[in-house]
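S.K.: One structure coming up, written as structure tokens, with questions to follow.
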Amino acid sequence: DVDRLVGLLDDRGCGNQLLGWLSSTLRSMTQAQLKAFLYFVSGQVALPVVASHRIGVDALAGDANRVPTSSVCFWRLHVPRYASREVLA
């Protein structure tokens with residue numbers, strides 16, 4: 001469920017704008033894309049019934065041409081400071 005997934009996003013200093021862009025992008029994804037995103041950030045193929053983790057979203061300083069990375073063990077998503085939602089998507 002995309003609403004549950006978006007509800008797990010946790011701003012770890014990334015700012016409201018980036019978090020909003022990410023939420024909007026997730027809401028536009030297909031179920032297969034959402035499953036791939038969840039696997040990328042958590043190593044899980046489905047959301048747990050009781051979510052004991054939140055997805056920490058960090059904004060990376062520096063090169064905005066990089067792709068996002070993740071720390072699967074910690075449910076962390078590291079996103080460059082992109083100039084627009086379109087670049088993020």
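Quick note on naming: the chains in the structure tokens go A, B, ... in the order shown, residues restart at 1 in each chain, and ligands are numbered from 1 in order of appearance.
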Write out as a list in words each polymer residue whose atoms come within 8 Å of Leu88 in chain A, counting only C-alpha atoms; drop sequence neighbours fewer than 4 positions from it.

M.R.: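 Result of the neighbour search: Trp21, Leu22, Thr25, Tyr82 and Ser84 of chain A.
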
S.K.: Neighbouring residues of range 71-76 of chain A were defined as those with any atom within 8 Å, considering only C-alpha atoms; residues of the same chain fewer than 6 positions away were excluded. Please report them as a list in words.

M.R.: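 Here the answer would be Phe40, Val41, Ser42, Gly43, His53, Arg54, Ile55, Gly56, Val57 and Asp58 of chain A.
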
S.K.: With all heavy atoms retained, write the just-selected residues as a short mmCIF file (atom, residue, chain, number, x, y, z; two decimals), in the first residue's frame.

M.R.:
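After the write, again18.cif holds the following:
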```cif
data_model
loop_
_atom_site.label_atom_id
_atom_site.label_comp_id
_atom_site.auth_asym_id
_atom_site.auth_seq_id
_atom_site.Cartn_x
_atom_site.Cartn_y
_atom_site.Cartn_z
N PHE A 40 15.01 -1.97 -2.59
CA PHE A 40 16.22 -1.14 -2.68
C PHE A 40 16.59 -0.53 -1.33
O PHE A 40 17.76 -0.48 -0.96
CB PHE A 40 16.02 -0.05 -3.73
CG PHE A 40 17.19 0.88 -3.89
CD1 PHE A 40 18.36 0.46 -4.51
CD2 PHE A 40 17.12 2.19 -3.45
CE1 PHE A 40 19.44 1.32 -4.66
CE2 PHE A 40 18.19 3.06 -3.60
CZ PHE A 40 19.35 2.62 -4.21
N VAL A 41 15.59 -0.05 -0.59
CA VAL A 41 15.89 0.64 0.68
C VAL A 41 15.90 -0.28 1.89
O VAL A 41 16.47 0.08 2.92
CB VAL A 41 14.94 1.83 0.95
CG1 VAL A 41 15.08 2.89 -0.11
CG2 VAL A 41 13.52 1.41 1.13
N SER A 42 15.26 -1.46 1.79
CA SER A 42 15.12 -2.28 2.99
C SER A 42 15.55 -3.74 2.83
O SER A 42 15.71 -4.44 3.81
CB SER A 42 13.67 -2.26 3.47
OG SER A 42 12.85 -2.99 2.57
N GLY A 43 15.66 -4.20 1.59
CA GLY A 43 15.94 -5.61 1.37
C GLY A 43 14.71 -6.48 1.56
O GLY A 43 14.80 -7.70 1.49
N HIS A 53 10.40 -0.35 11.59
CA HIS A 53 11.42 0.55 11.05
C HIS A 53 10.75 1.67 10.26
O HIS A 53 9.65 1.52 9.76
CB HIS A 53 12.34 -0.20 10.08
CG HIS A 53 13.22 -1.20 10.74
ND1 HIS A 53 12.76 -2.39 11.21
CD2 HIS A 53 14.55 -1.18 11.00
CE1 HIS A 53 13.76 -3.07 11.73
NE2 HIS A 53 14.86 -2.36 11.61
N ARG A 54 11.47 2.76 10.16
CA ARG A 54 11.06 3.85 9.27
C ARG A 54 12.15 4.00 8.23
O ARG A 54 13.29 3.60 8.46
CB ARG A 54 10.87 5.14 10.06
CG ARG A 54 9.72 4.99 11.06
CD ARG A 54 9.31 6.25 11.75
NE ARG A 54 9.12 7.42 10.94
CZ ARG A 54 7.98 7.74 10.30
NH1 ARG A 54 6.95 6.94 10.36
NH2 ARG A 54 7.89 8.86 9.62
N ILE A 55 11.80 4.54 7.08
CA ILE A 55 12.77 4.73 6.00
C ILE A 55 13.39 6.12 6.17
O ILE A 55 12.73 7.13 5.91
CB ILE A 55 12.10 4.59 4.62
CG1 ILE A 55 11.50 3.20 4.47
CG2 ILE A 55 13.12 4.87 3.52
CD1 ILE A 55 10.60 3.04 3.27
N GLY A 56 14.61 6.15 6.66
CA GLY A 56 15.30 7.42 6.85
C GLY A 56 15.76 7.96 5.51
O GLY A 56 16.38 7.25 4.73
N VAL A 57 15.43 9.21 5.22
CA VAL A 57 15.80 9.84 3.96
C VAL A 57 16.82 10.94 4.24
O VAL A 57 16.52 11.89 4.96
CB VAL A 57 14.56 10.42 3.24
CG1 VAL A 57 14.97 11.03 1.90
CG2 VAL A 57 13.49 9.35 3.05
N ASP A 58 18.01 10.78 3.69
CA ASP A 58 19.10 11.74 3.86
C ASP A 58 19.34 12.47 2.55
O ASP A 58 19.32 11.85 1.49
CB ASP A 58 20.42 11.03 4.22
CG ASP A 58 20.34 10.22 5.47
OD1 ASP A 58 19.79 10.73 6.46
OD2 ASP A 58 20.82 9.07 5.46
#
```

S.K.: Compile the contact shell of Pro80 in chain A as a list of chain:residue names: residues with an atom at most 10 Å away, counting only C-alpha atoms, same-chain residues fewer than 4 positions apart removed.

M.R.: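 These residues fall inside the cut-off: A:Cys14, A:Leu18, A:Asp58, A:Ala59, A:Leu60, A:Ala61, A:Gly62, A:Asp63, A:Ala64, A:Asn65, A:Arg66, A:Val67, A:Pro68, A:Thr69, A:Leu88.
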
S.K.: Taking the chain letters and numbering used in this document, name the residues of chain A that DSSP puts in helix (DSSP H, G or I), as a PyMOL selection string.

M.R.: chain A and resi 2-7+16-27+31-42+72-74+85-88

S.K.: Hey, can you spit out that residue selection with N, CA, C and O atoms as a compact mmCIF listing (two decimals), in the first residue's frame?

M.R.:
```
# COMPACT_ATOMS: atom_id res chain seq x y z
N VAL A 2 0.72 2.09 -0.99
CA VAL A 2 1.57 3.27 -1.15
C VAL A 2 1.44 4.22 0.03
O VAL A 2 2.42 4.84 0.45
N ASP A 3 0.25 4.34 0.61
CA ASP A 3 0.08 5.25 1.76
C ASP A 3 0.90 4.77 2.96
O ASP A 3 1.49 5.59 3.67
N ARG A 4 0.93 3.47 3.19
CA ARG A 4 1.76 2.94 4.29
C ARG A 4 3.23 3.17 4.02
O ARG A 4 3.98 3.53 4.93
N LEU A 5 3.64 2.96 2.77
CA LEU A 5 5.04 3.15 2.42
C LEU A 5 5.44 4.62 2.59
O LEU A 5 6.46 4.92 3.21
N VAL A 6 4.64 5.53 2.09
CA VAL A 6 4.92 6.96 2.24
C VAL A 6 4.92 7.35 3.72
O VAL A 6 5.74 8.15 4.16
N GLY A 7 4.04 6.74 4.50
CA GLY A 7 3.99 7.01 5.93
C GLY A 7 5.23 6.58 6.69
O GLY A 7 5.49 7.06 7.79
N ASN A 16 11.68 19.27 3.80
CA ASN A 16 10.31 18.98 3.37
C ASN A 16 10.16 18.90 1.87
O ASN A 16 9.36 18.13 1.36
N GLN A 17 10.92 19.72 1.13
CA GLN A 17 10.78 19.72 -0.32
C GLN A 17 11.17 18.38 -0.92
O GLN A 17 10.42 17.79 -1.69
N LEU A 18 12.33 17.86 -0.55
CA LEU A 18 12.79 16.58 -1.07
C LEU A 18 11.85 15.46 -0.63
O LEU A 18 11.51 14.58 -1.42
N LEU A 19 11.42 15.50 0.61
CA LEU A 19 10.50 14.48 1.11
C LEU A 19 9.18 14.53 0.34
O LEU A 19 8.61 13.49 0.01
N GLY A 20 8.69 15.73 0.03
CA GLY A 20 7.48 15.88 -0.76
C GLY A 20 7.65 15.35 -2.17
O GLY A 20 6.76 14.67 -2.71
N TRP A 21 8.79 15.64 -2.79
CA TRP A 21 9.06 15.12 -4.13
C TRP A 21 9.10 13.59 -4.11
O TRP A 21 8.55 12.95 -5.00
N LEU A 22 9.74 13.03 -3.10
CA LEU A 22 9.84 11.57 -3.01
C LEU A 22 8.45 10.96 -2.80
O LEU A 22 8.10 9.98 -3.46
N SER A 23 7.65 11.55 -1.93
CA SER A 23 6.29 11.05 -1.69
C SER A 23 5.48 11.09 -2.98
O SER A 23 4.79 10.13 -3.31
N SER A 24 5.57 12.20 -3.69
CA SER A 24 4.83 12.35 -4.95
C SER A 24 5.29 11.33 -5.99
O SER A 24 4.48 10.74 -6.70
N THR A 25 6.59 11.13 -6.06
CA THR A 25 7.14 10.15 -7.00
C THR A 25 6.66 8.75 -6.66
O THR A 25 6.25 7.98 -7.54
N LEU A 26 6.69 8.39 -5.38
CA LEU A 26 6.22 7.06 -4.96
C LEU A 26 4.75 6.87 -5.32
O LEU A 26 4.33 5.80 -5.77
N ARG A 27 3.94 7.90 -5.14
CA ARG A 27 2.50 7.80 -5.44
C ARG A 27 2.23 7.61 -6.93
O ARG A 27 1.17 7.14 -7.31
N GLN A 31 2.83 -0.82 -8.88
CA GLN A 31 3.08 -1.74 -7.77
C GLN A 31 4.44 -2.41 -7.90
O GLN A 31 5.15 -2.58 -6.91
N ALA A 32 4.82 -2.76 -9.12
CA ALA A 32 6.13 -3.39 -9.34
C ALA A 32 7.26 -2.42 -8.99
O ALA A 32 8.26 -2.82 -8.38
N GLN A 33 7.11 -1.15 -9.34
CA GLN A 33 8.12 -0.15 -9.02
C GLN A 33 8.19 0.09 -7.52
O GLN A 33 9.29 0.25 -6.96
N LEU A 34 7.04 0.12 -6.85
CA LEU A 34 7.03 0.29 -5.40
C LEU A 34 7.72 -0.87 -4.71
O LEU A 34 8.47 -0.68 -3.75
N LYS A 35 7.49 -2.07 -5.20
CA LYS A 35 8.13 -3.25 -4.62
C LYS A 35 9.65 -3.17 -4.80
O LYS A 35 10.42 -3.47 -3.89
N ALA A 36 10.08 -2.71 -5.99
CA ALA A 36 11.51 -2.56 -6.25
C ALA A 36 12.12 -1.48 -5.35
O ALA A 36 13.23 -1.64 -4.84
N PHE A 37 11.39 -0.38 -5.13
CA PHE A 37 11.86 0.68 -4.24
C PHE A 37 12.02 0.13 -2.82
O PHE A 37 13.05 0.35 -2.18
N LEU A 38 11.00 -0.57 -2.33
CA LEU A 38 11.07 -1.12 -0.98
C LEU A 38 12.25 -2.07 -0.85
O LEU A 38 12.98 -2.03 0.14
N TYR A 39 12.48 -2.89 -1.85
CA TYR A 39 13.61 -3.82 -1.82
C TYR A 39 14.94 -3.05 -1.82
O TYR A 39 15.88 -3.42 -1.12
N PHE A 40 15.01 -1.97 -2.59
CA PHE A 40 16.22 -1.14 -2.68
C PHE A 40 16.59 -0.53 -1.33
O PHE A 40 17.76 -0.48 -0.96
N VAL A 41 15.59 -0.05 -0.59
CA VAL A 41 15.89 0.64 0.68
C VAL A 41 15.90 -0.28 1.89
O VAL A 41 16.47 0.08 2.92
N SER A 42 15.26 -1.46 1.79
CA SER A 42 15.12 -2.28 2.99
C SER A 42 15.55 -3.74 2.83
O SER A 42 15.71 -4.44 3.81
N VAL A 72 20.73 -0.73 3.28
CA VAL A 72 19.62 -1.66 3.47
C VAL A 72 19.45 -2.08 4.93
O VAL A 72 18.33 -2.12 5.44
N CYS A 73 20.54 -2.35 5.61
CA CYS A 73 20.45 -2.81 7.00
C CYS A 73 19.80 -1.79 7.92
O CYS A 73 19.24 -2.14 8.94
N PHE A 74 19.90 -0.52 7.54
CA PHE A 74 19.39 0.55 8.39
C PHE A 74 18.14 1.22 7.82
O PHE A 74 17.67 2.21 8.36
N ARG A 85 11.74 17.81 -8.93
CA ARG A 85 11.09 16.51 -8.76
C ARG A 85 11.31 15.66 -9.99
O ARG A 85 11.48 14.44 -9.93
N GLU A 86 11.33 16.29 -11.18
CA GLU A 86 11.50 15.55 -12.43
C GLU A 86 12.85 14.85 -12.48
O GLU A 86 12.95 13.73 -12.99
N VAL A 87 13.88 15.47 -11.94
CA VAL A 87 15.19 14.86 -11.89
C VAL A 87 15.17 13.67 -10.92
O VAL A 87 15.72 12.61 -11.20
N LEU A 88 14.50 13.84 -9.80
CA LEU A 88 14.37 12.75 -8.81
C LEU A 88 13.63 11.56 -9.41
O LEU A 88 14.04 10.43 -9.23
```

S.K.: Counting only C-alpha atoms, figure out which residue out of A:Ala89, A:Leu8, A:Thr30, A:Gly13 gets nearest to Leu47 in chain A.

M.R.: A:Leu8
